[in-house]
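Report on the structure given below.
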Amino acid sequence: MELKKRKQDIAGTISLSVVRLMFFFLVVVLILLLSKIFIEGVSVLSLNFLIDEPRNNMTEGGIGPAIFGTIAVTLLMVLFTVPLGVFSAIYLNEYAKDTFFTRIIRTSINNLAGVPSIVFGLFGLGFFILFIGKNLDNILETGLLFGQPALLWASATLAVLVLPIVIVSTLEALNSVPKSHRDASYGLGATKWQTIKNVVLPQARPGILTGTILAISRGAGETAPILFLGAAFFLPNLPVADLCIGDYCITIVNPTEQFMYLAYHIFIMATQSSNPTQTLPLQYGSTLVLIVLTFLLNITAIVFRYRFRKILGRL
Amino acid sequence: MEEKDFFSKSADSKYAKRIGKFTRVKESAIKFFFAVNGAMALIFIILIFIFLFKEGFKALEHIGLLDFLFFDRADASGIHQKVFEWYPTSEEARYSLVPLLLGTLLTAIPATIISTLLGVGTGIYLSEVANPKLKEFLKPAIELFAGIPTVVLGFIMLAVGASFFNDLLNPTNRLNAFVASIGLSFVIIPIIASLTEDALHSIPNDLRMASYGLGATKWQTVSRVILPAAFSGVSASIILGFGRAIGETMIVLMCAGNAANITADIFLSVRTMTATIAAEMGEVSQGSDHYYALFFIGIVLFTITFFLNLAAEIIISKMRKKNTF
């Protein structure tokens, strides 16, 4: 009896150590890989690398246009996805009752998050470019302006891809606004919309911002959906155009042009360029920039959410 | 959920009588506006479904369902032979999905096995072993880990991992299913780990206390009480991880070698469904058979992942209902 018990103890201790070991093995591998990227990448990193455009058949120079394209696409994506996601969450949390229909909506939010990213690419091609774009061209008689891969459609497709992230974060934020605040507002004679606008939404703002940041980080890292939605190997000019009203001109992002994208840039430099070994330092540099960008965004979102939860915990 | 019902229809309409007609119309217009937006996720799922099938079903008209399984080749002497090949650009175009399906499974299944071991282990560590202060720090770290773009993982496997395993295991092809599945594991481990942690964490503490009270050791409690109780949650996390492994594109595109071999050898190059779409869609001419065939692959992918996600979600929602004591 005593011997058996001791045997169990030993077996248990070993098993628990294995679990611990697994975890630390994972941590060590991750740290090794990340430090490899950091050490190799930091040697090419400079201000010029961030601003310059690729030169000499992409074997020299920087990643300026790719960073510009990433910022342009994700900002446009935010314009599409945040209103849609926030309105959607408002409906689900403030208006909808727990019916069959709302349960289907909740299921489809989870399912949308699970659709493979390459399928979003096909969807963007079939729906945004060939259906909406081609029809827009026919209606506006613009020839071939919208019905081709472009920045606009890449942003729109990414907006659908990150929509579940925005909805879920906003839902969580709305859900954590105490009911008593809504009651107080109703008690003062406010209508439902006034309550949402003046009481609920202001308190949910940090949660919405968290969702937005997470969405940007996800969108900036995606490559598969934009492969055939306008991401370009190399472009000599930035996708900008002058918008003129009378004599007054400003330079804006031209959403009907193709663009360079940081994540796509890493992919083609590593696999499609003429000499991948020669450009390896540049690849490490680009990877380091992308990884730092996503980490900074995610850390900001995590800190934001942590503080937000703490504040709400006090209520 | 319950708290909203207080302001459900009866309460709303009673107090609506006291306000003006204009406000009432405005309020219901706003409600309608939000309802339309509220259904957006559903609308997009339906749109994805429609537009995949709209293009993909044309493949069935042009190519035929059987041709997606094998190509019937007759040689000079009239002997028919079934050829399982994906070769859409050849003059005698062959559209068998078998090598692509095999490629997908040969990368996704090893990745899921590796990630189940490490992911469930990490989940157990986080929920049962790590002290709470460390856990407070580790949970966001896992989230950060999950946020690494897949193209970065693909690149690091290509630049470092492939050579490392080439020297270590001396595989037939430098880029092979094994390297890709290691890369995929980096994506799936955080998913399985965090969902496993959730599932274990949701088991009431009473069960642990009861087990300790009966004289069980920590490991006995974890292995015989907590894990069985959280079985459905853990299995849901594995299903979700498997779905992600099947749908992942960039890592397999960069590391699996992209040769459509029919093989069960994990050290050979393979070509997955996702990588095929990614590699060929850019060069194909719109409206060709090949183009529709790629959309058909998209349908297959969408259907598989859709049902895997649905299964996981049903398991999770059942678990939530069961665990509300």
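Letters A, B, ... go to the chains of the structure tokens in the order shown; residues in each chain start at 1; ligands are counted from 1 in the same order.
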I need the residues in stretch 42-205 of chain A that are strand (DSSP E) according to DSSP; give them as number ranges by chain. A: 54-55, 60-61
Output file for the residues above (C-alpha atoms, as a compact mmCIF listing (two decimals), in the first residue's frame):
```
# COMPACT_ATOMS: atom_id res chain seq x y z
CA PRO A 54 13.63 49.11 -52.89
CA ARG A 55 16.45 49.70 -55.35
CA GLU A 60 19.10 47.10 -51.87
CA GLY A 61 17.18 49.95 -50.35
```
Extract, using only C-alpha atoms, all DNA, RNA and protein residues at most 7 Å from B:Thr196, discarding same-chain residues fewer than 3 positions from it, and format them as a PyMOL selection string. chain B and resi 120+123+192-193+199-200+233-234+237
Taking only C-alpha atoms into account, what are the residues of chain B at most 6 Å from chain A, put as a PDB file with N, CA and C atoms, in the first residue's frame?
```pdb
ATOM      1  N   PHE B  34     -29.712  49.590 -36.777  1.00  0.00           N
ATOM      2  CA  PHE B  34     -28.797  48.728 -36.045  1.00  0.00           C
ATOM      3  C   PHE B  34     -29.058  47.254 -36.356  1.00  0.00           C
ATOM      4  N   ALA B  35     -30.339  46.923 -36.539  1.00  0.00           N
ATOM      5  CA  ALA B  35     -30.666  45.525 -36.812  1.00  0.00           C
ATOM      6  C   ALA B  35     -30.031  45.070 -38.121  1.00  0.00           C
ATOM      7  N   ASN B  37     -27.314  46.317 -39.486  1.00  0.00           N
ATOM      8  CA  ASN B  37     -25.889  46.159 -39.220  1.00  0.00           C
ATOM      9  C   ASN B  37     -25.607  44.935 -38.357  1.00  0.00           C
ATOM     10  N   GLY B  38     -26.563  44.653 -37.466  1.00  0.00           N
ATOM     11  CA  GLY B  38     -26.370  43.538 -36.551  1.00  0.00           C
ATOM     12  C   GLY B  38     -26.244  42.219 -37.278  1.00  0.00           C
ATOM     13  N   ALA B  41     -22.576  39.987 -39.896  1.00  0.00           N
ATOM     14  CA  ALA B  41     -21.737  38.786 -39.905  1.00  0.00           C
ATOM     15  C   ALA B  41     -22.435  37.664 -40.668  1.00  0.00           C
ATOM     16  N   LEU B  42     -23.735  37.531 -40.386  1.00  0.00           N
ATOM     17  CA  LEU B  42     -24.526  36.513 -41.080  1.00  0.00           C
ATOM     18  C   LEU B  42     -24.569  36.793 -42.579  1.00  0.00           C
ATOM     19  N   ILE B  48     -20.247  35.045 -48.781  1.00  0.00           N
ATOM     20  CA  ILE B  48     -19.083  34.198 -49.080  1.00  0.00           C
ATOM     21  C   ILE B  48     -19.562  32.893 -49.704  1.00  0.00           C
ATOM     22  N   PHE B  51     -20.934  33.576 -53.340  1.00  0.00           N
ATOM     23  CA  PHE B  51     -19.969  33.913 -54.384  1.00  0.00           C
ATOM     24  C   PHE B  51     -18.924  32.815 -54.602  1.00  0.00           C
ATOM     25  N   GLY B 121      -0.666  20.553 -22.858  1.00  0.00           N
ATOM     26  CA  GLY B 121       0.316  20.648 -21.779  1.00  0.00           C
ATOM     27  C   GLY B 121       0.430  22.068 -21.262  1.00  0.00           C
ATOM     28  N   THR B 122       0.540  23.023 -22.189  1.00  0.00           N
ATOM     29  CA  THR B 122       0.630  24.432 -21.789  1.00  0.00           C
ATOM     30  C   THR B 122      -0.638  24.876 -21.066  1.00  0.00           C
ATOM     31  N   PRO B 149       2.217  37.291 -37.133  1.00  0.00           N
ATOM     32  CA  PRO B 149       1.692  37.049 -38.483  1.00  0.00           C
ATOM     33  C   PRO B 149       2.224  35.732 -39.057  1.00  0.00           C
ATOM     34  N   TRP B 219      -1.362  15.454  -9.399  1.00  0.00           N
ATOM     35  CA  TRP B 219      -1.439  14.900 -10.741  1.00  0.00           C
ATOM     36  C   TRP B 219      -2.657  13.998 -10.911  1.00  0.00           C
ATOM     37  N   GLY B 247      -6.884  25.433 -42.907  1.00  0.00           N
ATOM     38  CA  GLY B 247      -7.110  26.685 -43.626  1.00  0.00           C
ATOM     39  C   GLY B 247      -5.890  27.579 -43.747  1.00  0.00           C
ATOM     40  N   GLY B 282      -3.186  33.894 -59.046  1.00  0.00           N
ATOM     41  CA  GLY B 282      -2.629  35.105 -59.627  1.00  0.00           C
ATOM     42  C   GLY B 282      -2.342  34.989 -61.115  1.00  0.00           C
ATOM     43  N   GLY B 298     -11.796  26.208 -53.183  1.00  0.00           N
ATOM     44  CA  GLY B 298     -12.250  27.133 -52.143  1.00  0.00           C
ATOM     45  C   GLY B 298     -13.511  26.622 -51.465  1.00  0.00           C
TER      46      GLY B 298
END
```
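By only C-alpha atoms, and with residues fewer than 2 positions from stretch 140-147 of chain A along its chain excluded, the set lying at most 9 Å from it is Phe128, Ile129, Leu130, Phe131, Ile132, Gly133, Lys134, Asn135, Leu136, Asp137, Asn138, Pro149, Ala150, Leu152, Trp153, Thr256 and Glu257 of chain A.
Across the model, the gap from atom CA of B:Lys54 to atom CA of B:Phe295 is 9.0 Å.
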Just list as a list in words whatever in stretch 53-93 of chain A DSSP marks as alpha helix (DSSP H). Gly64, Pro65, Ala66, Ile67, Phe68, Gly69, Thr70, Ile71, Ala72, Val73, Thr74, Leu75, Leu76, Met77, Val78, Leu79, Phe80, Thr81, Val82, Pro83, Leu84, Gly85, Val86, Phe87, Ser88, Ala89 and Ile90 of chain A
I'd like the contact shell of B:Pro88 - 12 Å cut-off, only C-alpha atoms, skipping same-chain residues fewer than 6 positions apart - returned as a PyMOL selection string. chain B and resi 63+67-68+71+94-97+260+276+280-281+284+288-294
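Reported to one decimal place, the separation of atom CA of B:Leu106 from atom CA of B:Ala236 is 21.0 Å.
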